[in-house]
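Right, one structure below, let's go through it.
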4 protein chains.
Amino acid sequence: MKVGFIGLGRMGQAMSARVLASGHDLIVYNRTAGKASEIEKAGARVARSLADACEAREVVISMVADDAALKEITLSRGGLRDSLPDACIHLAMGTHSVGVIQAMAAAHNQSQQTLVAAPVLGRPDAAAAGQLGVVAAGPPDAVQRCEPLFQAIGRRTFQAGAKPEGAAAIKLSNGFVLGCAIEAMGEAFSLIRKYGVAPQVLYEVMTDGLFAAPAYKVYGKIIVDESYDKVGFTTMLGLKDVNLALAAAEQARVPMPSGGVYRDRLLGAIAHGDADKDWAVMAREQARASGLD
Amino acid sequence: MKVGFIGLGRMGQAMSARVLASGHDLIVYNRTAGKASEIEKAGARVARSLADACEAREVVISMVADDAALKEITLSRGGLRDSLPDACIHLAMGTHSVGVIQAMAAAHNQSQQTLVAAPVLGRPDAAAAGQLGVVAAGPPDAVQRCEPLFQAIGRRTFQAGAKPEGAAAIKLSNGFVLGCAIEAMGEAFSLIRKYGVAPQVLYEVMTDGLFAAPAYKVYGKIIVDESYDKVGFTTMLGLKDVNLALAAAEQARVPMPSGGVYRDRLLGAIAHGDADKDWAVMAREQARASGLD
Amino acid sequence: MKVGFIGLGRMGQAMSARVLASGHDLIVYNRTAGKASEIEKAGARVARSLADACEAREVVISMVADDAALKEITLSRGGLRDSLPDACIHLAMGTHSVGVIQAMAAAHNQSQQTLVAAPVLGRPDAAAAGQLGVVAAGPPDAVQRCEPLFQAIGRRTFQAGAKPEGAAAIKLSNGFVLGCAIEAMGEAFSLIRKYGVAPQVLYEVMTDGLFAAPAYKVYGKIIVDESYDKVGFTTMLGLKDVNLALAAAEQARVPMPSGGVYRDRLLGAIAHGDADKDWAVMAREQARASGLD
Amino acid sequence: MKVGFIGLGRMGQAMSARVLASGHDLIVYNRTAGKASEIEKAGARVARSLADACEAREVVISMVADDAALKEITLSRGGLRDSLPDACIHLAMGTHSVGVIQAMAAAHNQSQQTLVAAPVLGRPDAAAAGQLGVVAAGPPDAVQRCEPLFQAIGRRTFQAGAKPEGAAAIKLSNGFVLGCAIEAMGEAFSLIRKYGVAPQVLYEVMTDGLFAAPAYKVYGKIIVDESYDKVGFTTMLGLKDVNLALAAAEQARVPMPSGGVYRDRLLGAIAHGDADKDWAVMAREQARASGLD
């Protein structure tokens, strides 16, 4: 396929490399130029503008950092809405708010264009290995046309229905459940520490049984080791994502009290100087609130 | 070993059968007599009183329903404190409050007796198969003496330290983390339903990745199927357990806001008539609170 | 009237003095004897036992510290249930749980006796001045017979219906609303401090307008002055009362999330060493949680 | 003084009438023209544009509905930043976010202009009677220059310091404490209803004592009467304001869990169709959550 790819952060570089390696014709674009050198060596062309990156494409993938960037590349003069060829799909693979996905979908629709949302699950190493999960939603025929790209990038595609914002809701929900799990662990670890039990014991009980899954193994271990300085995902990003989840919930009129609890925990951690730690530092903030640290 | 076993509910029957099958000399006792017929046929003796069940025993296991029952069998006239032979261990395997375990340990200590707490993880079918997890805590030599019994009953023993209440704290914490996970799922499922996504999609995303563990597979499926009438663990029992966790937390001065959230959810479910459903019905109560049902 | 009075703590002394001064025939009883000397000088007789304090009485008032004490004086051998003359009313004026009031009412009913619950609003100085509020509930004719005593003790009587536990629910609710107000102030004061505004400004805005009432004037001032060492009501008593409110709510199946929030705040304060401060110290705990102290 | 006034909603009409009646030279502007007819008859001039309303003014007051409107009148071409004469003050009297007040202050500063924030406390009838509270913050000399206008409009001015956003924080905090009070009442009223006590009893107990203030008298009465259709302030506006408070708290890193609780209550009310009721309808949503309705 003829593919454009916008946004060459760590995830974007890994994902675009997979697209290229799968034999697609690829033009890439990044706001700052240096990021493209590696993929260029591998054989991709580098666009000088958003409009260039859209020229004669069948699908243009965006993988940008936040809602502001997505609005910018979509709505600015010369952006995707102005530049996409007829029948070309904008495939938005970043993590975005439900609201901005709805707004971008509406903007494209007004221009007889199509938005497919397909946020991904996994980190850069999974992306490089083509092992991401892909949550795809949008008009069924458009989603289907993107299938070769999902196969290039991911291990499995989850079909989240005909409305693009549905994929955003799934992605945010998965992260929300994770935030709740970290908060719950933080509370439980504080409790058993107060009774003089080694954190490792609770870790083993959990991960041996009901909670034998990456969420608890990975984050439980960070908590047991107090290795908050080895950062996979920062407290600030955790705050950004829970805000996206709570905004989606507000729009849909869903009270999500567990979200309020862990958002407050993140704020407390940031107030105590842990903004740039791994967000598992919620457990240390809980310990602090319990008079433990 | 010479073993007494008190409490022949569903778990007690399965566990005592494992003890007998492992070749130990077993006397059983249950407040109401009929429950002992099966284990009697299998070769156990049936005691007529608590005192009988203690006679010449090395370990007396209790597996009773709640704190009140544990206090009753331990402290009443002719109970374990009065009747345990010298050097005999009271091995308490039920789920009890931190406070009552501390109190029973102190009562036994005053009589130069020893309490080991060893609550179990798993349901009756796991008990029958000898596949329970055992969380053991108490004086190390006493815990060690109980080891053959843990091997008869369980798949794996977790050592939770020298204070019996530490085992109670671990057991309650594990259940607490589960309650939080169910609540988090409930909130997330309501959110994605509002965006028109089928619950099954979120279920697959979760259990394919970060949450590929029994807690999410079992309870997520109940939520997706809305099969709250097939009851594994009732809302009322969930309320009892979260109250035990919050009481342990109060005693240790640990604020556990996630516990407050799911306790409130359970109360709401009970207020709406779901006291006897499986406690995953929290998700339906959340849907109700979101205007979905 | 012929009145017995049980419990001569600070409130009990002030209240019994009002009863005596209103011309009633008074016998008092306290578990420890010394407390009765002042009221004895003023003309009351001092009973040697609970049974003595009940002899030939029309009403026996109890004003004891907690549920355990109320159960003790009511149910113990020789206690009120054993000793009240026919048609004599047990008028319970302490702050008690809904559950124990129900249980004591049932116990008295079985003995053809009557319980009226009439917890009071106000501190010892208000009691000494006959300025308490009285919240009375029980069988209407019994409540009416107690009216002269309410007039002796209080400024105003609130009729809370025919079920004694209704008065307990009102008393606990009033205290609950106060706890929520203190928590809300704590959060708001932390917020404006972070924006560099003097706490006094918020205090004046609140108490000049929407919140021109004792709850905000008294507790707002303690917070502004950080005078938590001048203790009116301790953090530990605040914890006891919110637990009573939450227990009443559990029994009635009412989720009260604001109670969970301020209970957690109290626990945090206690964890940080503020158990014996005035419970307005919740505001300092909030400041701590915000990285302010 | 030479005064411009922008925004003639209900509050703006009443406030501008006070300014005019105090003898100031007044030009008014409203985006839609019809709103100005009354004040014009009273002697004010009507501007055709924002620029007109700024011409030769000493102070330009804005009283607009939300942050978007404030940004529009300040930053748009020909807006206040472009049009204010040297040394003229922009006096922003609406309820705005801390963030937008900071941003507008910075924008004006870059143009050597001054922003004073002075949100008001009270409803249109209080405005018409000159009985508003005014919370003023900004550079001290600028605040002082506005004093004659505060006296024209308000009953009392609260000085909230040198940073304009401090006034916003105070205004939002006052509203926040009110939201918490309504939520607390809602929970308490549900509790006592479950015990069969008439709501009026709790209302009288509260407002006779600790809570003898408008917040409880006004909103308590609405709850007792269930008169949610007589709308003073809608659920949707309550949601907007708690979001402003929580955004201010996030920016300052202050966890405010009580805000999360009542925000969730508002969302629940909206989910059940009560978006346009008075926000005291939180109490009905609480009753619903308790199985009462």
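In the structure tokens, chains take letters A, B, ... by order of appearance, with residues numbered from 1 within each chain and ligands from 1 in the order shown.
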Listing only residues of chain A within 6 Å of chain D, what is the closest atom pair and its distance in Å (to one decimal) for each, using only C-alpha atoms, sorted by chain and residue number ascending, as JSON lines?
```
{"residue": "A:Arg253", "atom": "CA", "partner": "D:Ala271", "partner_atom": "CA", "distance": 5.2}
{"residue": "A:Pro255", "atom": "CA", "partner": "D:Asp264", "partner_atom": "CA", "distance": 4.7}
{"residue": "A:Gly260", "atom": "CA", "partner": "D:Gly260", "partner_atom": "CA", "distance": 5.7}
{"residue": "A:Asp264", "atom": "CA", "partner": "D:Pro255", "partner_atom": "CA", "distance": 4.7}
{"residue": "A:Leu267", "atom": "CA", "partner": "D:Arg253", "partner_atom": "CA", "distance": 5.3}
{"residue": "A:Ala271", "atom": "CA", "partner": "D:Arg253", "partner_atom": "CA", "distance": 5.2}
```
Output of the above residues as a PDB file, in the first residue's frame, restricted to C-alpha atoms:
```pdb
ATOM      1  CA  ARG A 253     -21.948  10.592  32.315  1.00  0.00           C
ATOM      2  CA  PRO A 255     -19.033   8.347  37.647  1.00  0.00           C
ATOM      3  CA  GLY A 260     -10.666   9.896  41.416  1.00  0.00           C
ATOM      4  CA  ASP A 264      -5.517  12.027  43.813  1.00  0.00           C
ATOM      5  CA  LEU A 267      -1.309  14.417  42.513  1.00  0.00           C
ATOM      6  CA  ALA A 271       3.222  17.313  45.236  1.00  0.00           C
TER       7      ALA A 271
END
```
Problem - Members of segment 13-185 of chain B assigned strand (DSSP E or B) by DSSP, as a count of residues only - result: 33
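Straight-line separation from atom CA of Ala137 of chain B to atom CA of Gly43 of chain B: 30.0 Å.
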Practice task
Please identify all polymer residues within 7 Å of Arg18 of chain D, counting only C-alpha atoms, omitting same-chain residues fewer than 5 positions from it, and present them as a PyMOL selection string.
Solution key: chain D and resi 128+130+152-153
Selection: 9 Å around Ala215 of chain D, only C-alpha atoms, excl. self and same-chain fewer than 2 positions, as a tab-separated table (two decimals) with N, CA, C and O atoms, in the first residue's frame:
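This is the output file selection.tsv:
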```tsv
chain	number	residue	atom	x	y	z
C	209	GLY	N	-20.64	34.93	54.58
C	209	GLY	CA	-21.72	34.68	53.66
C	209	GLY	C	-22.41	33.35	53.86
C	209	GLY	O	-23.07	33.12	54.89
C	210	LEU	N	-22.21	32.46	52.92
C	210	LEU	CA	-22.93	31.19	52.92
C	210	LEU	C	-22.71	30.38	54.18
C	210	LEU	O	-23.54	29.56	54.55
C	211	PHE	N	-21.58	30.60	54.83
C	211	PHE	CA	-21.19	29.71	55.93
C	211	PHE	C	-21.05	30.46	57.26
C	211	PHE	O	-20.18	30.17	58.06
C	212	ALA	N	-21.92	31.42	57.45
C	212	ALA	CA	-21.89	32.22	58.69
C	212	ALA	C	-22.54	31.44	59.82
C	212	ALA	O	-23.62	31.79	60.30
D	178	LEU	N	-19.30	24.76	49.30
D	178	LEU	CA	-20.75	24.63	49.19
D	178	LEU	C	-21.14	23.29	48.56
D	178	LEU	O	-22.05	22.60	49.06
D	181	ALA	N	-20.89	20.65	51.07
D	181	ALA	CA	-21.96	20.73	52.07
D	181	ALA	C	-23.25	20.11	51.54
D	181	ALA	O	-23.96	19.41	52.26
D	182	ILE	N	-23.54	20.37	50.28
D	182	ILE	CA	-24.76	19.80	49.69
D	182	ILE	C	-24.64	18.28	49.63
D	182	ILE	O	-25.57	17.55	49.97
D	211	PHE	N	-25.09	24.61	61.98
D	211	PHE	CA	-25.20	24.94	60.56
D	211	PHE	C	-26.26	26.01	60.29
D	211	PHE	O	-26.96	25.95	59.29
D	212	ALA	N	-26.36	26.97	61.19
D	212	ALA	CA	-27.36	28.04	61.04
D	212	ALA	C	-26.85	29.08	60.07
D	212	ALA	O	-26.55	30.21	60.44
D	213	ALA	N	-26.76	28.70	58.81
D	213	ALA	CA	-26.19	29.58	57.79
D	213	ALA	C	-26.90	29.34	56.47
D	213	ALA	O	-27.50	28.28	56.26
D	217	LYS	N	-29.50	26.43	55.20
D	217	LYS	CA	-30.91	26.82	55.22
D	217	LYS	C	-31.51	26.76	53.82
D	217	LYS	O	-32.59	26.21	53.61
D	218	VAL	N	-30.79	27.33	52.86
D	218	VAL	CA	-31.32	27.38	51.50
D	218	VAL	C	-31.34	25.99	50.88
D	218	VAL	O	-32.38	25.52	50.40
D	219	TYR	N	-30.19	25.31	50.90
D	219	TYR	CA	-30.13	24.03	50.19
D	219	TYR	C	-30.79	22.91	50.98
D	219	TYR	O	-31.36	21.99	50.41
D	220	GLY	N	-30.73	22.99	52.32
D	220	GLY	CA	-31.45	22.02	53.12
D	220	GLY	C	-32.94	22.07	52.84
D	220	GLY	O	-33.62	21.05	52.73
```
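Interatomic distance, atom CA of Ala169 of chain D against atom CA of Asn243 of chain D: 12.6 Å.
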Exercise for the section: Excluding Phe5 of chain C and any residue of its chain fewer than 5 positions from it, enumerate the residues within 6 Å of it, using only C-alpha atoms, and give them as a ChimeraX atom specification. Expected result: /C:28,60-62
Fill in the blank from the handout: Using only C-alpha atoms, the best pick from C:Glu38, C:Glu55, C:Asp67, C:Glu72 as closest to Asp241 of chain C would be C:Asp67
